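Asker: Here you go, run_35.cif (mmCIF, C-alpha atoms and all ligand atoms):
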data_run
#
loop_
_atom_site.label_atom_id
_atom_site.label_comp_id
_atom_site.auth_asym_id
_atom_site.auth_seq_id
_atom_site.Cartn_x
_atom_site.Cartn_y
_atom_site.Cartn_z
CA MET A 811 173.54 232.19 89.87
CA GLU A 812 172.93 231.96 93.59
CA LYS A 813 170.27 229.24 93.33
CA TYR A 814 173.07 226.70 92.72
CA PHE A 815 174.91 227.60 95.92
CA PRO A 816 174.10 226.78 99.50
CA GLN A 817 174.22 229.81 101.77
CA ASN A 818 175.01 227.64 104.80
CA TYR A 819 178.30 226.51 103.30
CA PHE A 820 179.55 229.88 102.15
CA LYS A 821 177.97 232.33 104.57
CA GLY A 822 180.54 234.57 106.22
CA ARG A 823 183.47 233.45 104.03
CA HIS A 824 185.50 236.39 102.79
CA VAL A 825 186.25 237.11 99.12
CA HIS A 826 188.56 239.89 98.03
CA LEU A 827 187.58 241.23 94.59
CA GLY A 828 190.16 243.13 92.52
CA VAL A 829 189.00 245.31 89.62
CA THR A 830 191.29 246.71 86.92
CA GLY A 831 190.96 249.27 84.15
CA SER A 832 188.76 247.84 81.43
CA ILE A 833 185.35 248.73 80.06
CA ALA A 834 184.24 245.37 81.51
CA ALA A 835 184.85 246.77 85.04
CA TYR A 836 181.12 247.42 85.46
CA LYS A 837 180.56 243.65 85.38
CA ALA A 838 182.50 243.37 88.65
CA LEU A 839 179.49 245.05 90.29
CA GLU A 840 177.28 242.15 89.25
CA LEU A 841 179.85 239.67 90.50
CA LEU A 842 179.97 241.44 93.85
CA ARG A 843 176.18 241.27 93.99
CA GLY A 844 176.25 237.51 93.33
CA PHE A 845 178.77 236.95 96.12
CA TYR A 846 176.79 239.12 98.46
CA LYS A 847 173.58 237.20 97.75
CA ALA A 848 175.39 233.90 98.42
CA GLY A 849 176.13 235.21 101.92
CA LEU A 850 179.81 236.02 101.36
CA ARG A 851 181.67 238.96 102.87
CA VAL A 852 183.33 241.00 100.13
CA THR A 853 186.13 243.55 100.13
CA VAL A 854 187.20 245.28 96.91
CA ALA A 855 190.31 246.89 95.45
CA LEU A 856 190.22 249.18 92.42
CA THR A 857 193.34 250.08 90.49
CA GLU A 858 193.59 253.72 89.56
CA ALA A 859 192.57 252.83 86.00
CA ALA A 860 189.54 250.89 87.30
CA SER A 861 188.39 253.99 89.21
CA ARG A 862 188.06 255.75 85.86
CA PHE A 863 185.43 253.23 84.75
CA VAL A 864 183.57 252.49 88.01
CA THR A 865 183.48 254.29 91.35
CA PRO A 866 184.21 253.02 94.86
CA LEU A 867 180.79 254.33 95.82
CA SER A 868 179.05 251.79 93.54
CA PHE A 869 180.84 248.86 95.20
CA LYS A 870 180.22 250.25 98.66
CA ALA A 871 176.52 250.72 97.90
CA LEU A 872 176.25 247.09 96.73
CA GLY A 873 177.69 245.65 99.93
CA ALA A 874 181.50 245.85 99.81
CA GLU A 875 182.86 246.18 103.34
CA ILE A 876 186.02 248.04 102.31
CA VAL A 877 186.99 249.52 98.94
CA TYR A 878 190.76 249.94 98.61
CA THR A 879 191.92 252.46 96.02
CA ASN A 880 195.33 253.65 97.16
CA MET A 881 198.55 252.29 98.52
CA PHE A 882 199.35 255.55 100.31
CA PRO A 883 197.22 258.11 102.17
CA ARG A 884 196.34 261.02 99.93
CA GLY A 885 196.25 263.58 102.71
CA VAL A 886 192.54 263.93 103.35
CA ALA A 887 191.05 260.44 103.18
CA ASP A 888 187.87 260.42 101.19
CA GLU A 889 184.85 258.81 102.73
CA PHE A 890 185.04 255.51 100.87
CA ASP A 891 188.78 255.27 100.56
CA LEU A 892 189.19 253.20 103.67
CA GLY A 893 192.17 251.45 102.13
CA CYS A 894 194.57 254.31 102.51
CA ASP A 895 196.03 252.82 105.66
CA VAL A 896 199.62 251.81 105.14
CA LEU A 897 198.92 248.10 105.64
CA GLY A 898 196.10 247.99 103.09
CA HIS A 899 198.29 246.05 100.66
CA LEU A 900 198.70 243.25 103.25
CA THR A 901 195.28 242.99 104.88
CA PRO A 902 193.35 240.92 102.26
CA GLY A 903 196.14 238.34 102.12
CA ALA A 904 195.92 237.95 105.88
CA GLN A 905 192.12 237.94 106.14
CA ALA A 906 190.36 236.88 102.92
CA ASP A 907 189.61 233.23 102.07
CA ALA A 908 189.73 233.76 98.29
CA MET A 909 190.78 236.43 95.81
CA VAL A 910 189.41 237.08 92.33
CA ILE A 911 190.45 239.75 89.82
CA LEU A 912 187.74 240.63 87.29
CA PRO A 913 188.35 242.06 84.81
CA ALA A 914 192.11 241.43 84.83
CA SER A 915 193.91 243.83 82.45
CA ALA A 916 197.15 243.03 80.60
CA THR A 917 198.95 245.47 82.92
CA THR A 918 197.79 243.87 86.16
CA ILE A 919 198.51 240.40 84.76
CA ALA A 920 202.04 241.58 83.91
CA ARG A 921 202.48 243.11 87.37
CA ILE A 922 201.45 239.88 89.10
CA ALA A 923 203.55 237.70 86.78
CA THR A 924 206.65 239.77 87.50
CA GLY A 925 205.95 240.27 91.21
CA LEU A 926 205.53 244.04 91.07
CA ALA A 927 203.77 245.72 93.98
CA ASP A 928 203.72 249.28 92.73
CA GLU A 929 200.03 249.93 93.31
CA ILE A 930 197.40 248.68 95.75
CA LEU A 931 195.90 245.71 93.87
CA ALA A 932 199.23 244.32 92.66
CA GLY A 933 200.58 244.66 96.21
CA GLN A 934 197.61 242.75 97.60
CA ALA A 935 198.03 240.03 94.94
CA LEU A 936 201.71 239.64 95.79
CA ALA A 937 200.84 239.31 99.48
CA PHE A 938 198.00 236.84 98.84
CA PRO A 939 199.16 233.38 99.92
CA LYS A 940 196.70 231.23 97.90
CA PRO A 941 195.91 230.83 94.19
CA ILE A 942 194.06 233.81 92.72
CA VAL A 943 191.23 233.57 90.18
CA LEU A 944 191.84 235.93 87.24
CA ALA A 945 189.29 236.70 84.51
CA PRO A 946 191.19 238.62 81.80
CA ALA A 947 189.50 241.12 79.48
CA MET A 948 191.35 243.12 76.86
CA ASN A 949 191.75 243.92 73.18
CA PRO A 950 192.41 240.71 71.14
CA ARG A 951 195.81 241.96 69.94
CA MET A 952 196.88 242.60 73.53
CA TRP A 953 195.66 239.12 74.55
CA ALA A 954 197.51 237.53 71.59
CA ASN A 955 200.76 239.40 72.27
CA PRO A 956 203.57 237.02 73.29
CA ALA A 957 204.20 239.13 76.40
CA THR A 958 200.65 238.48 77.65
CA ARG A 959 200.76 234.83 76.53
CA GLU A 960 203.94 234.28 78.55
CA ASN A 961 202.59 236.13 81.58
CA ILE A 962 199.43 234.01 81.52
CA ALA A 963 201.48 230.82 81.21
CA THR A 964 203.55 231.94 84.21
CA LEU A 965 200.44 232.57 86.30
CA ARG A 966 198.97 229.17 85.39
CA ARG A 967 202.25 227.45 86.21
CA ARG A 968 202.18 229.05 89.65
CA GLY A 969 198.72 227.59 90.27
CA HIS A 970 196.57 230.68 89.64
CA ILE A 971 193.21 229.98 88.01
CA ILE A 972 192.69 231.70 84.67
CA VAL A 973 189.12 232.05 83.44
CA ASP A 974 189.87 232.34 79.73
CA PRO A 975 188.31 235.23 77.81
CA ASP A 976 185.72 234.54 75.09
CA ASP A 977 185.85 235.09 71.36
CA GLY A 978 183.65 237.77 69.87
CA LEU A 979 183.19 241.45 69.25
CA VAL A 980 185.02 243.48 71.91
CA ALA A 981 184.20 247.04 73.01
CA CYS A 982 186.77 248.55 70.62
CA ASN A 983 184.82 246.98 67.72
CA GLU A 984 187.46 244.38 66.89
CA THR A 985 186.68 240.70 66.78
CA GLY A 986 188.82 238.04 68.42
CA THR A 987 189.64 236.53 71.80
CA GLY A 988 189.66 239.00 74.67
CA LYS A 989 186.04 239.48 75.73
CA LEU A 990 185.37 238.92 79.42
CA SER A 991 184.01 235.39 79.82
CA ASP A 992 180.57 234.48 81.16
CA LEU A 993 180.50 235.92 84.71
CA ARG A 994 179.19 232.64 86.11
CA LEU A 995 182.57 231.01 85.40
CA ALA A 996 184.56 233.44 87.55
CA TYR A 997 181.84 233.19 90.18
CA LEU A 998 182.13 229.40 90.20
CA ALA A 999 185.92 229.37 90.11
CA THR A 1000 185.90 231.62 93.18
CA LEU A 1001 183.44 229.40 95.03
CA ALA A 1002 185.51 226.34 94.07
CA SER A 1003 188.50 227.93 95.76
CA LEU A 1004 186.35 228.20 98.92
CA SER A 1005 185.02 224.62 98.71
CA PRO A 1006 186.40 221.48 100.32
CA GLN A 1007 188.13 219.32 97.71
CA ASP A 1008 186.75 216.09 99.17
CA PHE A 1009 185.70 214.72 95.74
CA LYS A 1010 189.07 215.38 94.09
CA GLY A 1011 190.11 212.43 91.93
CA LYS A 1012 186.54 211.01 91.94
CA LYS A 1013 184.28 210.57 88.93
CA LEU A 1014 180.57 211.12 89.22
CA ALA A 1015 177.92 210.54 86.55
CA LEU A 1016 174.40 211.76 86.98
CA THR A 1017 171.09 211.78 85.17
CA MET A 1018 168.96 214.89 85.40
CA GLY A 1019 165.78 216.50 84.11
CA PRO A 1020 162.86 214.80 82.36
CA THR A 1021 162.96 212.46 79.42
CA ARG A 1022 160.87 213.11 76.32
CA GLU A 1023 159.26 210.20 74.50
CA ALA A 1024 158.15 211.06 70.98
CA TRP A 1025 154.82 209.82 69.66
CA ASP A 1026 154.60 211.59 66.29
CA PRO A 1027 156.81 214.37 64.84
CA VAL A 1028 155.14 217.04 67.02
CA ARG A 1029 153.84 215.32 70.15
CA PHE A 1030 155.62 213.71 73.06
CA TRP A 1031 155.12 212.23 76.54
CA SER A 1032 157.15 213.77 79.37
CA ASN A 1033 156.88 215.21 82.91
CA HIS A 1034 157.40 218.43 84.92
CA SER A 1035 161.03 217.95 85.98
CA THR A 1036 163.28 220.99 85.36
CA GLY A 1037 166.61 219.36 86.25
CA LEU A 1038 167.41 221.89 88.99
CA MET A 1039 168.04 219.27 91.70
CA GLY A 1040 170.47 217.46 89.38
CA ALA A 1041 172.15 220.74 88.37
CA CYS A 1042 172.72 221.61 92.04
CA ILE A 1043 174.34 218.21 92.63
CA ALA A 1044 176.44 218.47 89.45
CA VAL A 1045 177.69 221.95 90.41
CA ALA A 1046 178.33 220.94 94.05
CA ALA A 1047 180.39 217.91 92.99
CA HIS A 1048 182.26 220.03 90.41
CA LEU A 1049 183.11 222.67 93.04
CA ARG A 1050 184.25 219.95 95.42
CA GLY A 1051 186.73 218.63 92.88
CA ALA A 1052 184.92 215.72 91.17
CA GLU A 1053 185.06 215.01 87.44
CA VAL A 1054 181.35 215.33 86.66
CA HIS A 1055 179.47 213.78 83.72
CA ALA A 1056 175.89 215.01 83.43
CA VAL A 1057 173.40 213.17 81.22
CA CYS A 1058 170.72 215.80 80.68
CA GLY A 1059 167.15 215.40 79.51
CA PRO A 1060 165.51 218.21 77.51
CA GLY A 1061 165.33 221.69 79.06
CA CYS A 1062 168.00 221.16 81.71
CA PRO A 1063 169.66 224.34 83.02
CA TRP A 1064 173.06 225.76 82.16
CA LEU A 1065 176.03 223.88 83.62
CA PRO A 1066 179.59 225.18 83.89
CA TYR A 1067 181.88 224.13 81.03
CA GLY A 1068 184.06 222.07 83.36
CA ILE A 1069 181.17 219.59 83.63
CA LYS A 1070 180.93 217.13 80.76
CA ARG A 1071 177.39 217.39 79.46
CA TYR A 1072 175.53 214.83 77.32
CA ASP A 1073 172.17 216.06 76.03
CA VAL A 1074 169.65 213.31 75.37
CA LYS A 1075 165.90 213.13 74.83
CA ALA A 1076 164.35 209.70 75.36
CA ALA A 1077 164.90 207.33 78.31
CA ARG A 1078 166.59 204.79 76.06
CA GLU A 1079 169.19 207.37 74.96
CA MET A 1080 169.73 208.35 78.61
CA ASN A 1081 170.22 204.69 79.43
CA GLU A 1082 172.76 204.21 76.63
CA ALA A 1083 174.75 207.27 77.75
CA MET A 1084 174.84 206.08 81.37
CA GLN A 1085 175.73 202.51 80.36
CA ARG A 1086 178.76 203.89 78.53
CA LEU A 1087 179.88 206.07 81.46
CA TRP A 1088 179.17 203.83 84.44
CA PRO A 1089 182.07 201.31 84.33
CA ASP A 1090 184.54 204.16 84.84
CA MET A 1091 182.65 206.01 87.61
CA ASP A 1092 182.96 206.15 91.40
CA TYR A 1093 179.48 207.57 91.93
CA GLY A 1094 176.17 207.44 90.06
CA VAL A 1095 173.45 209.91 90.96
CA PHE A 1096 170.05 209.31 89.38
CA SER A 1097 168.04 212.49 89.75
CA ALA A 1098 166.27 212.32 86.37
CA ALA A 1099 162.53 211.89 86.26
CA VAL A 1100 162.73 209.13 83.68
CA ALA A 1101 159.52 208.32 81.81
CA ASP A 1102 158.75 204.71 82.69
CA PHE A 1103 156.72 204.33 79.49
CA TYR A 1104 156.96 205.56 75.92
CA PRO A 1105 154.12 205.85 73.43
CA LEU A 1106 154.50 203.34 70.62
CA PRO A 1107 155.38 205.73 67.77
CA PHE A 1108 152.54 206.66 65.46
CA GLY A 1109 155.04 207.11 62.62
CA ASP A 1110 156.86 209.77 60.63
CA GLU A 1111 153.67 211.58 59.66
CA LYS A 1112 151.80 213.90 62.00
CA PHE A 1113 148.64 212.34 63.41
CA LYS A 1114 145.74 214.36 62.01
CA LYS A 1115 143.00 215.10 64.49
CA GLY A 1116 140.38 214.34 61.87
CA ASN A 1117 141.46 210.70 62.09
CA ALA A 1118 140.33 210.50 65.72
CA GLY A 1119 136.79 210.20 66.90
CA ASP A 1120 135.79 211.59 70.31
CA GLU A 1121 138.71 209.81 71.89
CA ILE A 1122 141.94 208.10 70.89
CA SER A 1123 143.98 205.35 72.49
CA VAL A 1124 147.75 205.37 72.49
CA ARG A 1125 149.65 202.21 73.35
CA PHE A 1126 152.75 202.41 75.52
CA GLY A 1127 155.89 200.32 75.80
CA THR A 1128 158.13 200.05 78.89
CA ASN A 1129 161.43 201.90 79.21
CA PRO A 1130 164.46 200.38 80.90
CA ASP A 1131 164.94 201.25 84.57
CA ILE A 1132 168.34 202.93 84.24
CA LEU A 1133 169.15 202.98 87.94
CA ALA A 1134 168.06 199.40 88.62
CA GLY A 1135 170.03 198.16 85.59
CA LEU A 1136 173.25 199.87 86.66
CA GLY A 1137 172.67 198.93 90.30
CA LYS A 1138 172.94 195.28 89.24
CA GLN A 1139 176.29 195.98 87.53
CA LYS A 1140 177.72 197.85 90.54
CA LYS A 1141 181.34 196.96 91.32
CA ASP A 1142 183.05 197.18 94.71
CA GLY A 1143 183.58 200.79 95.69
CA GLN A 1144 180.96 202.23 93.33
CA LYS A 1145 178.19 204.14 95.12
CA ILE A 1146 174.70 204.94 93.88
CA VAL A 1147 172.27 207.66 94.91
CA GLY A 1148 168.67 207.25 93.79
CA PHE A 1149 165.72 209.57 94.08
CA ALA A 1150 162.07 208.77 94.62
CA ALA A 1151 159.12 210.96 93.72
CA GLU A 1152 156.12 209.71 95.67
CA SER A 1153 152.53 210.81 96.13
CA SER A 1154 152.04 208.84 99.40
CA ASN A 1155 153.78 206.42 101.83
CA LEU A 1156 157.08 208.23 101.36
CA GLU A 1157 159.21 206.38 103.91
CA GLU A 1158 157.97 202.92 102.99
CA ASN A 1159 158.46 203.50 99.26
CA VAL A 1160 161.92 204.99 99.75
CA ARG A 1161 163.08 201.99 101.80
CA LYS A 1162 161.68 199.60 99.17
CA LYS A 1163 163.30 201.46 96.27
CA LEU A 1164 166.72 201.50 97.92
CA LYS A 1165 166.65 197.68 98.06
CA SER A 1166 164.98 196.98 94.73
CA LYS A 1167 167.40 199.28 92.87
CA SER A 1168 170.59 198.31 94.81
CA ALA A 1169 171.18 201.96 95.74
CA ASP A 1170 173.41 203.06 98.61
CA LEU A 1171 171.44 206.20 99.38
CA LEU A 1172 167.86 207.06 98.47
CA VAL A 1173 166.42 210.58 98.61
CA GLY A 1174 162.62 210.78 98.46
CA ASN A 1175 160.15 213.60 98.29
CA LEU A 1176 156.40 213.96 98.14
CA ILE A 1177 155.28 215.44 94.84
CA ASN A 1178 152.06 216.93 96.21
CA ARG A 1179 153.78 219.55 98.40
CA THR A 1180 153.41 222.98 96.76
CA ALA A 1181 156.65 224.45 98.15
CA SER A 1182 158.96 221.63 97.14
CA GLY A 1183 159.83 219.13 94.42
CA PHE A 1184 159.22 219.58 90.68
CA ALA A 1185 159.89 223.07 89.32
CA SER A 1186 160.54 224.50 92.79
CA PRO A 1187 163.88 225.86 94.04
CA LEU A 1188 163.11 224.10 97.34
CA ASN A 1189 162.90 220.49 98.43
CA GLU A 1190 161.71 218.67 101.53
CA VAL A 1191 163.13 215.16 101.61
CA PHE A 1192 163.42 211.89 103.46
CA VAL A 1193 166.87 210.30 103.19
CA HIS A 1194 167.61 206.63 103.81
CA ASP A 1195 170.88 204.72 103.33
CA LYS A 1196 171.78 201.06 103.02
CA SER A 1197 172.92 200.86 106.67
CA GLY A 1198 169.44 201.92 107.73
CA ASN A 1199 170.36 205.51 108.70
CA GLU A 1200 167.46 207.87 108.06
CA GLU A 1201 166.77 211.60 108.28
CA HIS A 1202 163.98 214.00 107.41
CA TRP A 1203 165.25 217.31 106.02
CA GLU A 1204 162.83 220.20 106.31
CA THR A 1205 162.08 222.40 103.28
CA GLN A 1206 165.31 224.01 102.10
CA PRO A 1207 166.96 225.19 98.87
CA LYS A 1208 167.89 222.38 96.49
CA ALA A 1209 171.48 223.62 96.64
CA GLU A 1210 171.56 222.84 100.38
CA VAL A 1211 170.05 219.40 99.76
CA ALA A 1212 172.71 218.75 97.09
CA TRP A 1213 175.60 219.62 99.41
CA ARG A 1214 174.16 217.52 102.23
CA ILE A 1215 173.76 214.52 99.89
CA LEU A 1216 177.44 214.82 98.95
CA ASP A 1217 178.40 215.12 102.63
CA TRP A 1218 176.47 211.90 103.29
CA LEU A 1219 178.13 210.17 100.34
CA THR A 1220 181.59 210.87 101.78
CA ARG A 1221 180.55 209.03 104.95
CA LEU A 1222 179.09 205.94 103.21
N1 LIG A 1301 164.71 205.67 87.43
C1 LIG A 1301 165.50 205.28 86.38
N2 LIG A 1301 164.92 204.77 85.25
C2 LIG A 1301 163.59 204.64 85.17
C3 LIG A 1301 162.77 205.02 86.24
C4 LIG A 1301 163.37 205.55 87.35
O1 LIG A 1301 166.73 205.42 86.45
N3 LIG A 1301 163.05 204.13 84.06
C5 LIG A 1301 165.35 206.19 88.65
C6 LIG A 1301 165.03 207.64 88.94
O2 LIG A 1301 165.99 208.50 88.34
C7 LIG A 1301 165.08 207.67 90.45
C8 LIG A 1301 164.60 206.30 90.86
O3 LIG A 1301 164.81 205.47 89.73
O4 LIG A 1301 166.41 207.81 90.92
C9 LIG A 1301 163.16 206.23 91.28
O5 LIG A 1301 162.35 206.82 90.30
P1 LIG A 1301 160.78 207.00 90.54
O6 LIG A 1301 160.20 207.65 89.33
O7 LIG A 1301 160.52 207.61 91.88
O8 LIG A 1301 160.29 205.51 90.68
P2 LIG A 1301 160.03 204.38 89.65
O9 LIG A 1301 161.17 203.43 89.71
O10 LIG A 1301 159.72 204.94 88.30
O11 LIG A 1301 158.78 203.64 90.28
P3 LIG A 1301 157.27 204.18 90.48
O12 LIG A 1301 156.99 205.06 89.28
O13 LIG A 1301 156.47 202.96 90.51
O14 LIG A 1301 157.24 204.95 91.77
#
Represent the structure from my file as structure tokens, please.
Ligand code: CTP
Answerer:
Amino acid sequence: MEKYFPQNYFKGRHVHLGVTGSIAAYKALELLRGFYKAGLRVTVALTEAASRFVTPLSFKALGAEIVYTNMFPRGVADEFDLGCDVLGHLTPGAQADAMVILPASATTIARIATGLADEILAGQALAFPKPIVLAPAMNPRMWANPATRENIATLRRRGHIIVDPDDGLVACNETGTGKLSDLRLAYLATLASLSPQDFKGKKLALTMGPTREAWDPVRFWSNHSTGLMGACIAVAAHLRGAEVHAVCGPGCPWLPYGIKRYDVKAAREMNEAMQRLWPDMDYGVFSAAVADFYPLPFGDEKFKKGNAGDEISVRFGTNPDILAGLGKQKKDGQKIVGFAAESSNLEENVRKKLKSKSADLLVGNLINRTASGFASPLNEVFVHDKSGNEEHWETQPKAEVAWRILDWLTRL
């Protein structure tokens, strides 16, 4: 999860994680770990029921600064029960930047919906001044009950963020809606609540990954792109409030459901998808490694090797240049980010490509560096914009590069 998120932007921010009584409580440990790896400070509150499934010690061992378990001192404070001070129900609301409750039980949801503060976590939720992310998990009949439905509707109406549970087999062996959702969604929703909303109301379409050009039913022409750079940009823009449309070549990574995803294979399909999206967009980001050429198809039958001699020749046709084509159709206010993968003369080629493709910002990298570029979580880039501003960014995680590109876009 962490490879999508830039440490520099989140480091030191404070998340308060509430855990309630559900068999899914153990998953909160993984969530805590993800936050911790992204450089966040984490405090935790366990309801009494949660403490029956997971222990404060586990959270403490995985990096939680404080684990609150009680509203009132119990006489002799136990070593990890640092929350037994009488203001423990108020502290997270005064200090934390975001709050997430995972799993959120029907009881805690009901407490928050009705404003009860009769135990530590509900008290902290009531005293938390910003929207809270809640990831419910419960038996499907409890989730379907009108009481829970109304409580959830109340929380949504008040601006809290509900990460809906999934359908499937739940721990009690019943099938239905109630299973804790994919952890990455609560993780992302929490990071979104920590992110600037500087792309709110904006629409961004991007191409990502390789394209795959079929030759016969089993063979194709493609390249080494994994789509990670594009995924980092898509996630960054999503967290920062943009409506994101991602046109993905084969093998692209998982993207959160809030991003509209269009899976394509060949460059011509990618072009068609972008042509449809572009008129309505504010930004176009072209991070795909589009195959410039496609093999003229051999046909529907597999090419048998016995038909070749010592060598074969395959003829290629030319694919459309998606970026250059849309650059020509750019309307006032639309902004384009292009990429350039070069084996030499990086700066010169980047400057040329910005002009020839009518881009506003061009991000180039050298493909022969082992620690950056294709299939690496890192990138070392040269950035050039249409006003002639230029910067070299040393090797850094692609997530950092993505956030810095968006920062630059807001200034263009
Ligand atoms: N691009 C595109 N459609 C293509 C080729 C490239 O949209 N058919 C976009 C890429 O997504 C990237 C930019 O154009 O944003 C530059 O791609 P790159 O492969 O570096 O350059 P090419 O234009 O293909 O030129 P060359 O291969 O000669 O370097």
Asker: Check which residues fall inside 8 Å of ligand LIG 1301 (chain A) when counting all atoms listed in the file, and print them as number ranges by chain.
Answerer: A: 1017-1018, 1077, 1081, 1095-1103, 1129-1134, 1147-1152, 1159, 1163, 1167, 1172, 1174
Asker: Residues of stretch 1038-1133 of chain A that have any atom at most 12 Å from an atom of stretch 964-973 of chain A: could you tabulate them with the shortest-distance atom pair and the distance in Å to one decimal, using all atoms listed in the file, ordered by chain and increasing number, as a Markdown table?
Answerer:
| residue | atom | partner | partner_atom | distance |
| --- | --- | --- | --- | --- |
| A:Pro1066 | CA | A:Val973 | CA | 11.8 |
| A:Tyr1067 | CA | A:Val973 | CA | 11.0 |
| A:Gly1068 | CA | A:Val973 | CA | 11.2 |
Asker: Put the listed atoms of stretch 820-831 of chain A in a box along x, y and z with 5 Å added on every side and give me the centre and edge lengths in Å to one decimal, as lines of an AutoDock Vina configuration file.
Answerer:
center_x = 184.6
center_y = 239.6
center_z = 95.2
size_x = 23.3
size_y = 29.4
size_z = 32.1
Asker: Just want the 9 Å neighbourhood of A:Glu858, counted on only C-alpha atoms, with same-chain residues fewer than 3 positions away dropped. Output as JSON, numbers by chain.
Answerer: {"A": [830, 831, 861, 862, 879, 880, 929, 930]}
Asker: Quick one: pull the distance between atom CA of A:Ala838 and atom CA of A:Ala859, Å, one decimal.
Answerer: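 Going from atom CA of A:Ala838 over to atom CA of A:Ala859, I get 14.1 Å.
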Asker: Please provide as a list of chain:residue names all residues within 12 Å of A:Lys940, with the sequence filter that same-chain residues fewer than 2 positions apart are discarded (counting all atoms listed in the file).
Answerer: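 Here the qualifying residues turn out to be A:His826, A:Pro902, A:Gly903, A:Ala904, A:Gln905, A:Ala906, A:Asp907, A:Ala908, A:Met909, A:Val910, A:Gln934, A:Ala935, A:Leu936, A:Ala937, A:Phe938, A:Ile942, A:Val943, A:Arg968, A:Gly969, A:His970, A:Ile971, A:Thr1000, A:Ser1003, A:Leu1004.
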Asker: Could you list, as a PyMOL selection string, every residue within 12 Å of stretch 1135-1140 of chain A, counting all atoms listed in the file and ignoring same-chain residues fewer than 6 positions away?
Answerer: chain A and resi 1015-1016+1081-1096+1129+1146-1148+1163-1171
Asker: Do you know which residues lie at most 10 Å from (200.2, 242.4, 86.1), with coordinates as in the file and only C-alpha atoms counted, and could you write them as number ranges by chain?
Answerer: A: 830, 914-927, 931-932, 935, 958, 961-962, 965
Asker: Report, in Å to a single decimal, how far apart atom CA of A:Leu1219 and atom CA of A:Lys1162 are.
Answerer: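 Computing the Euclidean distance for atom CA of A:Lys1162 and atom CA of A:Leu1219 yields 19.6 Å.
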Asker: Produce a table with one row for each residue of stretch 812-875 of chain A that has an atom at most 12 Å from any atom of stretch 1182-1196 of chain A, each row naming the nearest atom pair and its distance in Å at one decimal; use only C-alpha atoms; arrange rows by chain and rising residue number; format as a Markdown table.
Answerer:
| residue | atom | partner | partner_atom | distance |
| --- | --- | --- | --- | --- |
| A:Glu812 | CA | A:Pro1187 | CA | 10.9 |
| A:Lys813 | CA | A:Pro1187 | CA | 7.3 |
| A:Tyr814 | CA | A:Pro1187 | CA | 9.3 |
| A:Phe815 | CA | A:Pro1187 | CA | 11.3 |
| A:Pro816 | CA | A:Leu1188 | CA | 11.5 |
Asker: Looking at all atoms listed in the file, which of A:Phe1113, A:Glu1023, A:Ser1154, A:Leu872 is the one that sits closest to A:Glu1079?
Answerer: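 For A:Glu1079, the nearest of the given residues is A:Glu1023.
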Asker: Take atom CA of A:Lys1012 and atom CA of A:Arg1071 and report the distance between them in Å, one decimal.
Answerer: 16.7 Å
Asker: Which one is closest to A:Asp992: A:Thr901, A:Thr1205, A:Tyr836, A:Asp974? Count all atoms listed in the file.
Answerer: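 Using all atoms listed in the file, A:Asp992 sits closest to A:Asp974.
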